[in-house]
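upload04.cif, holding mmCIF, C-alpha atoms:
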```cif
data_my_file
#
loop_
_atom_site.label_atom_id
_atom_site.label_comp_id
_atom_site.auth_asym_id
_atom_site.auth_seq_id
_atom_site.Cartn_x
_atom_site.Cartn_y
_atom_site.Cartn_z
CA MET A 7 0.00 0.00 0.00
CA ASN A 8 1.28 3.48 -0.81
CA LYS A 9 2.17 5.84 1.99
CA ILE A 10 -0.21 8.75 2.25
CA VAL A 11 0.08 11.85 4.41
CA THR A 12 -2.91 14.17 4.65
CA ILE A 13 -2.63 17.72 5.91
CA SER A 14 -5.63 19.58 7.26
CA ARG A 15 -4.97 23.14 8.32
CA GLU A 16 -6.35 26.34 9.67
CA PHE A 17 -6.10 29.21 7.23
CA GLY A 18 -2.82 31.06 7.78
CA SER A 19 -1.25 28.32 9.89
CA GLY A 20 1.32 27.36 7.25
CA GLY A 21 -0.14 23.90 6.65
CA ARG A 22 0.28 24.19 2.89
CA GLU A 23 3.96 25.07 3.28
CA MET A 24 4.37 22.15 5.66
CA GLY A 25 2.75 19.81 3.13
CA ARG A 26 5.01 20.99 0.33
CA ARG A 27 8.14 20.71 2.42
CA LEU A 28 7.10 17.33 3.81
CA ALA A 29 6.63 15.97 0.29
CA GLU A 30 10.12 17.22 -0.58
CA GLU A 31 11.63 15.60 2.51
CA LEU A 32 9.79 12.34 1.86
CA SER A 33 10.56 12.47 -1.87
CA CYS A 34 6.95 11.95 -2.81
CA VAL A 35 4.26 13.75 -4.79
CA TYR A 36 2.46 16.77 -3.39
CA TYR A 37 -1.17 17.52 -4.27
CA ASP A 38 -3.07 20.66 -3.45
CA GLN A 39 -4.59 23.00 -6.03
CA GLU A 40 -4.01 20.36 -8.74
CA ILE A 41 -6.94 18.45 -7.28
CA ILE A 42 -9.35 21.32 -7.86
CA SER A 43 -8.03 21.78 -11.42
CA GLU A 44 -8.50 18.11 -12.22
CA ILE A 45 -12.01 17.98 -10.74
CA ALA A 46 -12.88 21.05 -12.82
CA ARG A 47 -11.54 19.36 -15.95
CA ARG A 48 -13.48 16.16 -15.31
CA THR A 49 -16.76 17.81 -14.34
CA LYS A 50 -16.44 20.53 -16.99
CA LEU A 51 -17.12 23.13 -14.28
CA ALA A 52 -15.06 26.29 -13.84
CA GLU A 53 -12.14 25.90 -11.45
CA ASP A 54 -13.25 28.85 -9.29
CA TYR A 55 -16.70 27.35 -9.05
CA VAL A 56 -15.36 23.96 -7.95
CA GLN A 57 -13.23 25.79 -5.39
CA GLN A 58 -16.32 27.59 -4.11
CA ILE A 59 -18.32 24.38 -3.89
CA ILE A 60 -15.52 22.74 -1.94
CA GLU A 61 -15.29 25.76 0.33
CA SER A 62 -19.06 25.47 0.69
CA LYS A 63 -20.13 29.05 0.24
CA PRO A 64 -23.86 29.61 0.76
CA ALA A 65 -26.00 28.68 -2.24
CA PHE A 66 -27.26 32.14 -3.13
CA SER A 67 -23.78 33.50 -3.76
CA PHE A 68 -22.91 31.01 -6.49
CA PRO A 69 -22.47 32.29 -9.99
CA ILE A 70 -21.45 29.41 -12.23
CA ASN A 71 -19.14 30.14 -15.09
CA ILE A 72 -19.10 27.89 -18.10
CA GLY A 73 -18.91 30.59 -20.68
CA VAL A 74 -21.79 32.57 -19.21
CA THR A 75 -22.57 33.53 -15.61
CA PHE A 76 -25.99 32.80 -14.15
CA GLN A 77 -27.64 31.98 -10.86
CA ILE A 78 -28.55 28.36 -10.17
CA SER A 79 -31.29 26.88 -8.03
CA SER A 80 -30.47 25.15 -4.74
CA ASN A 81 -31.57 21.84 -6.30
CA GLU A 82 -29.10 22.20 -9.09
CA LEU A 83 -26.45 23.24 -6.60
CA GLY A 84 -27.08 20.13 -4.51
CA LYS A 85 -26.69 18.00 -7.64
CA GLN A 86 -23.45 19.73 -8.58
CA LYS A 87 -22.12 19.40 -5.05
CA ALA A 88 -22.77 15.67 -5.29
CA ILE A 89 -21.02 15.45 -8.69
CA VAL A 90 -18.02 17.39 -7.44
CA PHE A 91 -17.82 15.26 -4.32
CA GLN A 92 -18.00 12.05 -6.36
CA GLU A 93 -15.16 13.23 -8.59
CA GLN A 94 -13.20 14.32 -5.54
CA CYS A 95 -13.50 10.79 -4.08
CA ASN A 96 -12.58 9.09 -7.36
CA LEU A 97 -9.61 11.35 -7.94
CA LEU A 98 -8.21 11.08 -4.41
CA LYS A 99 -8.42 7.31 -4.57
CA GLU A 100 -6.69 7.26 -7.95
CA LEU A 101 -3.89 9.42 -6.55
CA ALA A 102 -3.58 7.21 -3.47
CA GLU A 103 -3.30 4.14 -5.72
CA LYS A 104 -0.69 5.77 -7.92
CA SER A 105 2.18 6.55 -5.52
CA ASP A 106 3.25 7.77 -2.08
CA CYS A 107 1.94 11.32 -1.66
CA VAL A 108 1.13 14.27 0.57
CA ILE A 109 -2.36 15.73 0.08
CA VAL A 110 -3.41 19.08 1.50
CA GLY A 111 -7.08 19.59 2.37
CA ARG A 112 -10.02 18.17 0.34
CA CYS A 113 -11.22 15.96 3.25
CA ALA A 114 -8.53 13.49 2.13
CA ASP A 115 -8.03 12.25 5.72
CA TYR A 116 -11.63 11.02 5.69
CA ILE A 117 -12.07 10.04 2.04
CA LEU A 118 -8.86 7.98 2.07
CA SER A 119 -9.41 6.33 5.46
CA ASP A 120 -9.17 2.86 3.85
CA TYR A 121 -5.61 3.75 2.86
CA ASN A 122 -4.68 4.44 6.48
CA PRO A 123 -3.13 7.85 5.86
CA TYR A 124 -1.00 9.63 8.43
CA ARG A 125 -3.25 12.56 9.28
CA ILE A 126 -1.70 15.86 10.35
CA PHE A 127 -3.63 18.92 11.52
CA VAL A 128 -1.81 22.26 11.48
CA TYR A 129 -3.02 25.21 13.56
CA ALA A 130 -1.81 28.38 15.22
CA ASN A 131 -3.03 31.29 17.31
CA MET A 132 -4.74 34.21 15.58
CA GLU A 133 -1.79 36.60 15.90
CA SER A 134 0.53 34.13 14.23
CA LYS A 135 -2.00 33.46 11.46
CA THR A 136 -2.57 37.13 10.61
CA GLU A 137 1.19 37.70 10.62
CA ARG A 138 1.76 34.72 8.29
CA CYS A 139 -1.05 35.84 5.95
CA ARG A 140 0.45 39.32 5.67
CA ARG A 141 3.85 37.85 4.91
CA LYS A 142 2.51 35.54 2.19
CA GLY A 143 -0.30 37.32 0.38
CA LYS A 144 -0.58 40.78 -1.17
CA GLN A 145 -4.37 40.78 -0.78
CA ASP A 146 -4.03 40.04 2.93
CA ARG A 147 -1.39 42.71 3.44
CA GLU A 148 -3.83 45.37 2.31
CA MET A 149 -6.58 44.39 4.77
CA SER A 150 -7.05 45.94 8.20
CA GLU A 151 -6.31 43.68 11.18
CA LYS A 152 -10.04 43.33 11.79
CA GLU A 153 -10.82 42.45 8.15
CA LEU A 154 -8.03 39.91 8.03
CA LYS A 155 -9.17 38.21 11.22
CA ARG A 156 -12.72 38.05 9.87
CA ARG A 157 -11.42 36.53 6.62
CA ILE A 158 -9.43 33.87 8.52
CA LEU A 159 -12.44 32.95 10.65
CA GLU A 160 -14.71 32.83 7.58
CA VAL A 161 -12.42 30.55 5.57
CA ASP A 162 -12.11 28.15 8.50
CA LYS A 163 -15.83 28.26 9.15
CA ARG A 164 -16.46 27.17 5.54
CA ARG A 165 -13.83 24.45 5.79
CA ALA A 166 -15.43 23.17 8.98
CA GLU A 167 -18.89 23.23 7.39
CA TYR A 168 -17.77 21.38 4.29
CA TYR A 169 -15.86 18.81 6.33
CA GLY A 170 -18.87 18.34 8.60
CA PHE A 171 -21.20 18.02 5.58
CA ILE A 172 -19.00 15.38 3.94
CA THR A 173 -17.82 13.40 6.94
CA GLY A 174 -20.42 14.02 9.65
CA GLN A 175 -17.48 14.73 11.96
CA SER A 176 -15.96 17.80 13.58
CA TRP A 177 -13.20 19.42 11.56
CA GLY A 178 -10.10 19.88 13.70
CA ARG A 179 -11.16 17.44 16.46
CA LYS A 180 -7.79 16.04 17.47
CA HIS A 181 -8.96 12.44 17.73
CA ASN A 182 -9.43 12.46 13.95
CA TYR A 183 -5.72 13.17 13.43
CA ASP A 184 -2.45 11.43 14.26
CA LEU A 185 -0.49 14.58 14.95
CA CYS A 186 -1.62 18.15 15.60
CA VAL A 187 1.10 20.76 15.21
CA ASN A 188 0.80 24.29 16.57
CA THR A 189 2.89 26.51 14.30
CA THR A 190 2.70 29.61 16.53
CA ASN A 191 6.22 31.01 16.88
CA ILE A 192 7.87 28.17 14.99
CA SER A 193 9.49 28.03 11.61
CA ILE A 194 7.77 25.54 9.28
CA LYS A 195 11.04 25.19 7.39
CA GLU A 196 12.87 24.20 10.56
CA VAL A 197 10.30 21.86 12.05
CA THR A 198 9.23 19.89 8.95
CA PRO A 199 12.41 17.80 8.54
CA TYR A 200 11.91 16.47 12.09
CA ILE A 201 8.32 15.48 11.38
CA SER A 202 9.52 13.79 8.22
CA GLN A 203 12.19 11.88 10.14
CA MET A 204 9.59 10.83 12.71
CA LEU A 205 7.35 9.50 9.96
CA MET A 206 10.14 7.64 8.22
CA GLY A 207 11.50 6.18 11.46
CA THR A 208 8.22 5.04 12.95
CA ILE A 209 4.91 5.01 11.12
CA TRP A 210 6.25 4.23 7.66
CA ASN A 211 8.30 1.36 9.00
CA ASN A 212 5.61 -0.44 10.96
CA GLU A 213 2.91 -2.88 10.07
CA ARG A 214 0.59 -0.10 8.92
CA TYR A 215 2.28 -0.32 5.53
CA ASN A 216 3.49 -3.91 5.45
CA MET B 89 15.38 30.53 31.45
CA ASN B 90 15.18 26.79 32.02
CA LYS B 91 13.59 24.60 29.38
CA ILE B 92 10.33 23.10 30.51
CA VAL B 93 8.22 20.45 28.79
CA THR B 94 4.74 19.76 30.14
CA ILE B 95 2.81 16.63 29.28
CA SER B 96 -0.94 16.46 29.60
CA ARG B 97 -2.46 13.14 28.74
CA GLU B 98 -5.57 11.04 28.49
CA PHE B 99 -5.59 8.12 30.89
CA GLY B 100 -4.11 5.08 29.16
CA SER B 101 -2.56 7.03 26.29
CA GLY B 102 1.03 6.44 27.42
CA GLY B 103 1.69 10.10 28.22
CA ARG B 104 3.52 9.26 31.42
CA GLU B 105 5.82 6.87 29.57
CA MET B 106 6.42 9.53 26.94
CA GLY B 107 7.30 12.05 29.65
CA ARG B 108 9.78 9.69 31.30
CA ARG B 109 11.43 8.78 28.02
CA LEU B 110 11.52 12.39 26.86
CA ALA B 111 13.30 13.43 30.07
CA GLU B 112 15.85 10.65 29.47
CA GLU B 113 16.40 11.76 25.88
CA LEU B 114 16.71 15.41 26.89
CA SER B 115 18.87 14.53 29.91
CA CYS B 116 16.71 16.51 32.26
CA VAL B 117 14.67 15.91 35.41
CA TYR B 118 11.29 14.16 35.26
CA TYR B 119 8.50 15.03 37.71
CA ASP B 120 5.26 13.19 38.15
CA GLN B 121 4.12 11.50 41.38
CA GLU B 122 6.95 13.29 43.25
CA ILE B 123 4.89 16.48 43.02
CA ILE B 124 1.97 14.93 44.90
CA SER B 125 4.33 13.55 47.57
CA GLU B 126 5.97 16.93 48.09
CA ILE B 127 2.64 18.80 48.27
CA ALA B 128 1.48 16.23 50.85
CA ARG B 129 4.65 16.79 52.88
CA ARG B 130 4.28 20.56 52.80
CA THR B 131 0.57 20.68 53.56
CA LYS B 132 0.75 17.82 56.07
CA LEU B 133 -2.12 16.14 54.24
CA ALA B 134 -2.11 12.45 53.29
CA GLU B 135 -0.72 11.74 49.83
CA ASP B 136 -3.84 9.86 48.73
CA TYR B 137 -5.96 12.77 49.83
CA VAL B 138 -3.88 15.28 47.89
CA GLN B 139 -4.16 13.01 44.88
CA GLN B 140 -7.93 12.91 45.28
CA ILE B 141 -8.14 16.70 45.59
CA ILE B 142 -6.07 17.10 42.46
CA GLU B 143 -8.23 14.56 40.68
CA SER B 144 -11.19 16.54 41.98
CA LYS B 145 -13.49 13.81 43.23
CA PRO B 146 -16.86 15.10 44.42
CA ALA B 147 -16.80 16.60 47.93
CA PHE B 148 -18.93 14.02 49.69
CA SER B 149 -16.59 11.17 48.91
CA PHE B 150 -13.59 12.68 50.71
CA PRO B 151 -12.30 10.97 53.80
CA ILE B 152 -9.25 12.84 55.04
CA ASN B 153 -6.52 10.87 56.69
CA ILE B 154 -4.17 12.60 59.05
CA GLY B 155 -4.10 9.89 61.65
CA VAL B 156 -7.87 9.56 61.81
CA THR B 157 -10.48 9.43 59.03
CA PHE B 158 -13.47 11.75 59.11
CA GLN B 159 -15.84 13.53 56.77
CA ILE B 160 -15.21 17.18 56.08
CA SER B 161 -17.62 19.95 55.17
CA SER B 162 -17.62 21.45 51.70
CA ASN B 163 -16.30 24.70 53.19
CA GLU B 164 -13.33 22.95 54.66
CA LEU B 165 -12.82 21.11 51.41
CA GLY B 166 -12.81 24.36 49.48
CA LYS B 167 -10.17 25.71 51.87
CA GLN B 168 -8.03 22.63 51.50
CA LYS B 169 -8.37 22.70 47.73
CA ALA B 170 -7.09 26.27 47.82
CA ILE B 171 -4.16 25.31 50.07
CA VAL B 172 -3.23 22.37 47.86
CA PHE B 173 -3.48 24.51 44.76
CA GLN B 174 -1.31 27.22 46.32
CA GLU B 175 1.37 24.67 47.20
CA GLN B 176 1.09 23.15 43.74
CA CYS B 177 1.78 26.55 42.18
CA ASN B 178 4.71 27.30 44.53
CA LEU B 179 6.27 23.90 44.00
CA LEU B 180 5.94 23.89 40.21
CA LYS B 181 7.54 27.32 40.02
CA GLU B 182 10.39 26.22 42.28
CA LEU B 183 10.99 23.19 40.05
CA ALA B 184 10.88 25.36 36.92
CA GLU B 185 13.45 27.71 38.46
CA LYS B 186 15.72 24.85 39.46
CA SER B 187 16.56 23.13 36.16
CA ASP B 188 15.34 21.96 32.75
CA CYS B 189 12.56 19.42 33.34
CA VAL B 190 9.63 17.41 32.03
CA ILE B 191 6.47 17.64 34.15
CA VAL B 192 3.53 15.28 33.71
CA GLY B 193 0.05 16.56 34.61
CA ARG B 194 -0.72 18.93 37.53
CA CYS B 195 -1.93 21.74 35.21
CA ALA B 196 1.76 22.61 34.77
CA ASP B 197 1.14 23.87 31.21
CA TYR B 198 -1.10 26.57 32.67
CA ILE B 199 0.58 27.26 36.01
CA LEU B 200 3.99 27.65 34.36
CA SER B 201 2.82 29.73 31.39
CA ASP B 202 5.26 32.52 32.33
CA TYR B 203 8.07 30.03 31.76
CA ASN B 204 6.93 29.40 28.20
CA PRO B 205 6.85 25.62 28.45
CA TYR B 206 6.62 23.33 25.43
CA ARG B 207 3.17 21.84 25.98
CA ILE B 208 2.44 18.34 24.71
CA PHE B 209 -0.95 16.61 24.83
CA VAL B 210 -1.00 12.83 24.44
CA TYR B 211 -4.18 10.99 23.45
CA ALA B 212 -5.37 7.80 21.78
CA ASN B 213 -8.52 6.00 20.77
CA MET B 214 -10.41 3.97 23.39
CA GLU B 215 -9.31 0.57 22.08
CA SER B 216 -5.66 1.56 22.29
CA LYS B 217 -6.14 2.97 25.79
CA THR B 218 -7.84 -0.11 27.21
CA GLU B 219 -5.17 -2.30 25.63
CA ARG B 220 -2.37 -0.16 27.12
CA CYS B 221 -4.05 -0.16 30.56
CA ARG B 222 -4.31 -3.95 30.53
CA ARG B 223 -0.66 -4.25 29.57
CA LYS B 224 0.52 -1.90 32.32
CA GLY B 225 -1.70 -2.43 35.37
CA LYS B 226 -2.76 -5.53 37.26
CA GLN B 227 -5.91 -3.79 38.55
CA ASP B 228 -6.94 -2.88 35.01
CA ARG B 229 -6.27 -6.39 33.70
CA GLU B 230 -8.88 -7.79 36.07
CA MET B 231 -11.65 -5.43 34.97
CA SER B 232 -14.22 -6.22 32.29
CA GLU B 233 -13.95 -4.20 29.07
CA LYS B 234 -16.97 -2.17 30.12
CA GLU B 235 -15.60 -1.42 33.59
CA LEU B 236 -12.22 -0.43 32.21
CA LYS B 237 -13.75 1.93 29.67
CA ARG B 238 -15.85 3.50 32.40
CA ARG B 239 -12.73 3.95 34.57
CA ILE B 240 -10.83 5.62 31.71
CA LEU B 241 -13.69 8.00 31.02
CA GLU B 242 -14.09 8.81 34.73
CA VAL B 243 -10.40 9.60 35.28
CA ASP B 244 -10.36 11.89 32.25
CA LYS B 245 -13.61 13.53 33.31
CA ARG B 246 -12.04 14.38 36.68
CA ARG B 247 -8.88 15.66 35.01
CA ALA B 248 -10.95 17.85 32.73
CA GLU B 249 -12.98 19.17 35.67
CA TYR B 250 -9.92 19.98 37.75
CA TYR B 251 -8.19 21.62 34.80
CA GLY B 252 -11.30 23.65 34.04
CA PHE B 253 -11.67 24.64 37.71
CA ILE B 254 -8.04 25.82 37.92
CA THR B 255 -7.57 27.37 34.51
CA GLY B 256 -11.05 28.29 33.30
CA GLN B 257 -10.10 26.59 30.04
CA SER B 258 -10.98 23.35 28.26
CA TRP B 259 -8.66 20.46 29.05
CA GLY B 260 -7.38 18.90 25.84
CA ARG B 261 -8.32 21.85 23.58
CA LYS B 262 -5.52 21.68 21.03
CA HIS B 263 -4.91 25.43 20.91
CA ASN B 264 -3.66 25.22 24.50
CA TYR B 265 -0.84 22.88 23.40
CA ASP B 266 2.13 23.05 21.06
CA LEU B 267 1.94 19.44 19.93
CA CYS B 268 -0.81 16.84 20.24
CA VAL B 269 0.31 13.26 19.69
CA ASN B 270 -2.10 10.42 18.98
CA THR B 271 -0.47 7.26 20.34
CA THR B 272 -2.97 4.84 18.77
CA ASN B 273 -0.98 2.05 17.10
CA ILE B 274 2.39 3.63 17.74
CA SER B 275 5.20 2.67 20.05
CA ILE B 276 5.99 5.40 22.60
CA LYS B 277 9.52 4.03 22.82
CA GLU B 278 10.02 4.44 19.08
CA VAL B 279 8.39 7.82 18.63
CA THR B 280 9.80 9.71 21.63
CA PRO B 281 13.39 10.11 20.37
CA TYR B 282 12.04 11.90 17.28
CA ILE B 283 10.00 14.31 19.37
CA SER B 284 13.06 14.94 21.50
CA GLN B 285 15.16 15.65 18.39
CA MET B 286 12.49 18.01 17.12
CA LEU B 287 12.54 19.91 20.42
CA MET B 288 16.30 20.12 20.53
CA GLY B 289 16.61 21.14 16.89
CA THR B 290 13.90 23.80 16.87
CA ILE B 291 12.14 25.10 19.95
CA TRP B 292 15.04 24.84 22.36
CA ASN B 293 17.33 26.62 19.97
CA ASN B 294 15.17 29.62 19.19
CA GLU B 295 14.52 32.91 20.90
CA ARG B 296 12.01 31.31 23.25
CA TYR B 297 14.91 30.40 25.50
CA ASN B 298 17.50 33.03 24.66
#
```
Starting from the coordinates I provided, produce the structure as structure tokens.
Amino acid sequence: MNKIVTISREFGSGGREMGRRLAEELSCVYYDQEIISEIARRTKLAEDYVQQIIESKPAFSFPINIGVTFQISSNELGKQKAIVFQEQCNLLKELAEKSDCVIVGRCADYILSDYNPYRIFVYANMESKTERCRRKGKQDREMSEKELKRRILEVDKRRAEYYGFITGQSWGRKHNYDLCVNTTNISIKEVTPYISQMLMGTIWNNERYN
Amino acid sequence: MNKIVTISREFGSGGREMGRRLAEELSCVYYDQEIISEIARRTKLAEDYVQQIIESKPAFSFPINIGVTFQISSNELGKQKAIVFQEQCNLLKELAEKSDCVIVGRCADYILSDYNPYRIFVYANMESKTERCRRKGKQDREMSEKELKRRILEVDKRRAEYYGFITGQSWGRKHNYDLCVNTTNISIKEVTPYISQMLMGTIWNNERYN
């Protein structure tokens, strides 16, 4: 069985960076935005729209773009959510079958549970998250502290809602993960090689993957 | 400033073993039951009684043993809880001033927050916890599965109550910890050296302790 690491993360906690660095350290494939692009290709839906569905924005705010922009009914939306979710499951399983990999987000910890992934949750305090957002993104740098905090809370609220909708479980509940890493005041670059060594020296050598 | 690691743990998760091994790896002092013994000595209360206060059993079940056994009023109990807590704070701070150390339980993560401890929470699923309890303790081996599960839940419920009473916060809430380790299906002996290396290579080398 291939070795799978899934990363779930609070917005601004540096989970994506940890995933990318972990894949480098473990010499395996890293999947993140590619998953959205591939689902969009397969479902013939616009990438932004797939992203919005996965981030579970409320129905009334959905414009769908396949050449033209129009409002869709909640019935149609439900159908499209189901289609996107089905493709998401198929794709994640294909990727898990293909090779060792690190997957960020997309409920992969839950969808791939049969593959016994090592499930990491990355989080941080609000101050650390706003600081990291400002460092990484131009859009975030231009927001006021209050706006940025609201944005962080909103993104995580949507992630929690989508995760809850798909899995029936609480997003971020530590019992659903193997390791929860608080990135407040730590350097992702510095800490990731140690997590990688821990994985290689323990989990990836035991009967889980034999 | 001395380097402090605090370990909070679910009953049966192997947190105590991790604490002991971590102290060995880090070549520093390990405190656990010694804290109860020293509080008992200082307050002239029986060790079992101090343990019960710290585990926060309901008032009416408290026999106090200082030569004789008698029931105490809830007022008296409140007073003794306060005395024990005061000694607990004094002692933990003395230990933190003395040398680098690993401290298991005793709300040390909260009480020593000024010392910027590295706070670990250790947890596992119920099956793993009952299995570990049976392996470690004669008393637990003799219990039925149902009794053992009830015991695990009760101990953790008391820990959560005491922690909440002292700190006003939720015991086990991941944002109160730097690292949360799920010990389900992993060997504490195997994983601890990696956590120790991570601490030595990152946290203990950064400005937190300079």
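For the set A:Ala52, A:Val110, A:Val128, A:Arg138, the residue with the smallest atom-to-atom gap to Leu267 (chain B) is A:Val128, counting all atoms listed in the file.
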For the file shown, report as number ranges by chain the outcome of the PyMOL selection byres ((chain B) within 12 of (chain A)) at residue level.
B: 98, 101, 204, 206-214, 260-296
Quick one: which residues end up in the PyMOL selection byres ((chain B and resi 197) around 12) for this structure, as a PyMOL selection string?
chain B and resi 92-97+177+180-181+184+190-196+198-209+251+254-255+257+259-260+264-266
Any chance you could resolve the PyMOL selection byres ((chain B and resi 244) around 10) against this file and give the residues as a PyMOL selection string?
chain B and resi 97-100+143+239-243+245-250+259-260
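Among B:Ala128, B:Tyr118, B:Ser187, B:Gly102, the residue with the shortest atom-to-atom distance to Arg223 (chain B), counting all atoms listed in the file, is B:Gly102.
Counting all atoms listed in the file and comparing A:Glu44, A:Asp38, A:Glu133, A:Glu53, the residue that lies closest to Lys152 (chain A) is A:Glu133.
Atom pair CA of Gln140 (chain B) / CA of Glu182 (chain B) has a distance of 22.8 Å (rounded to one decimal).
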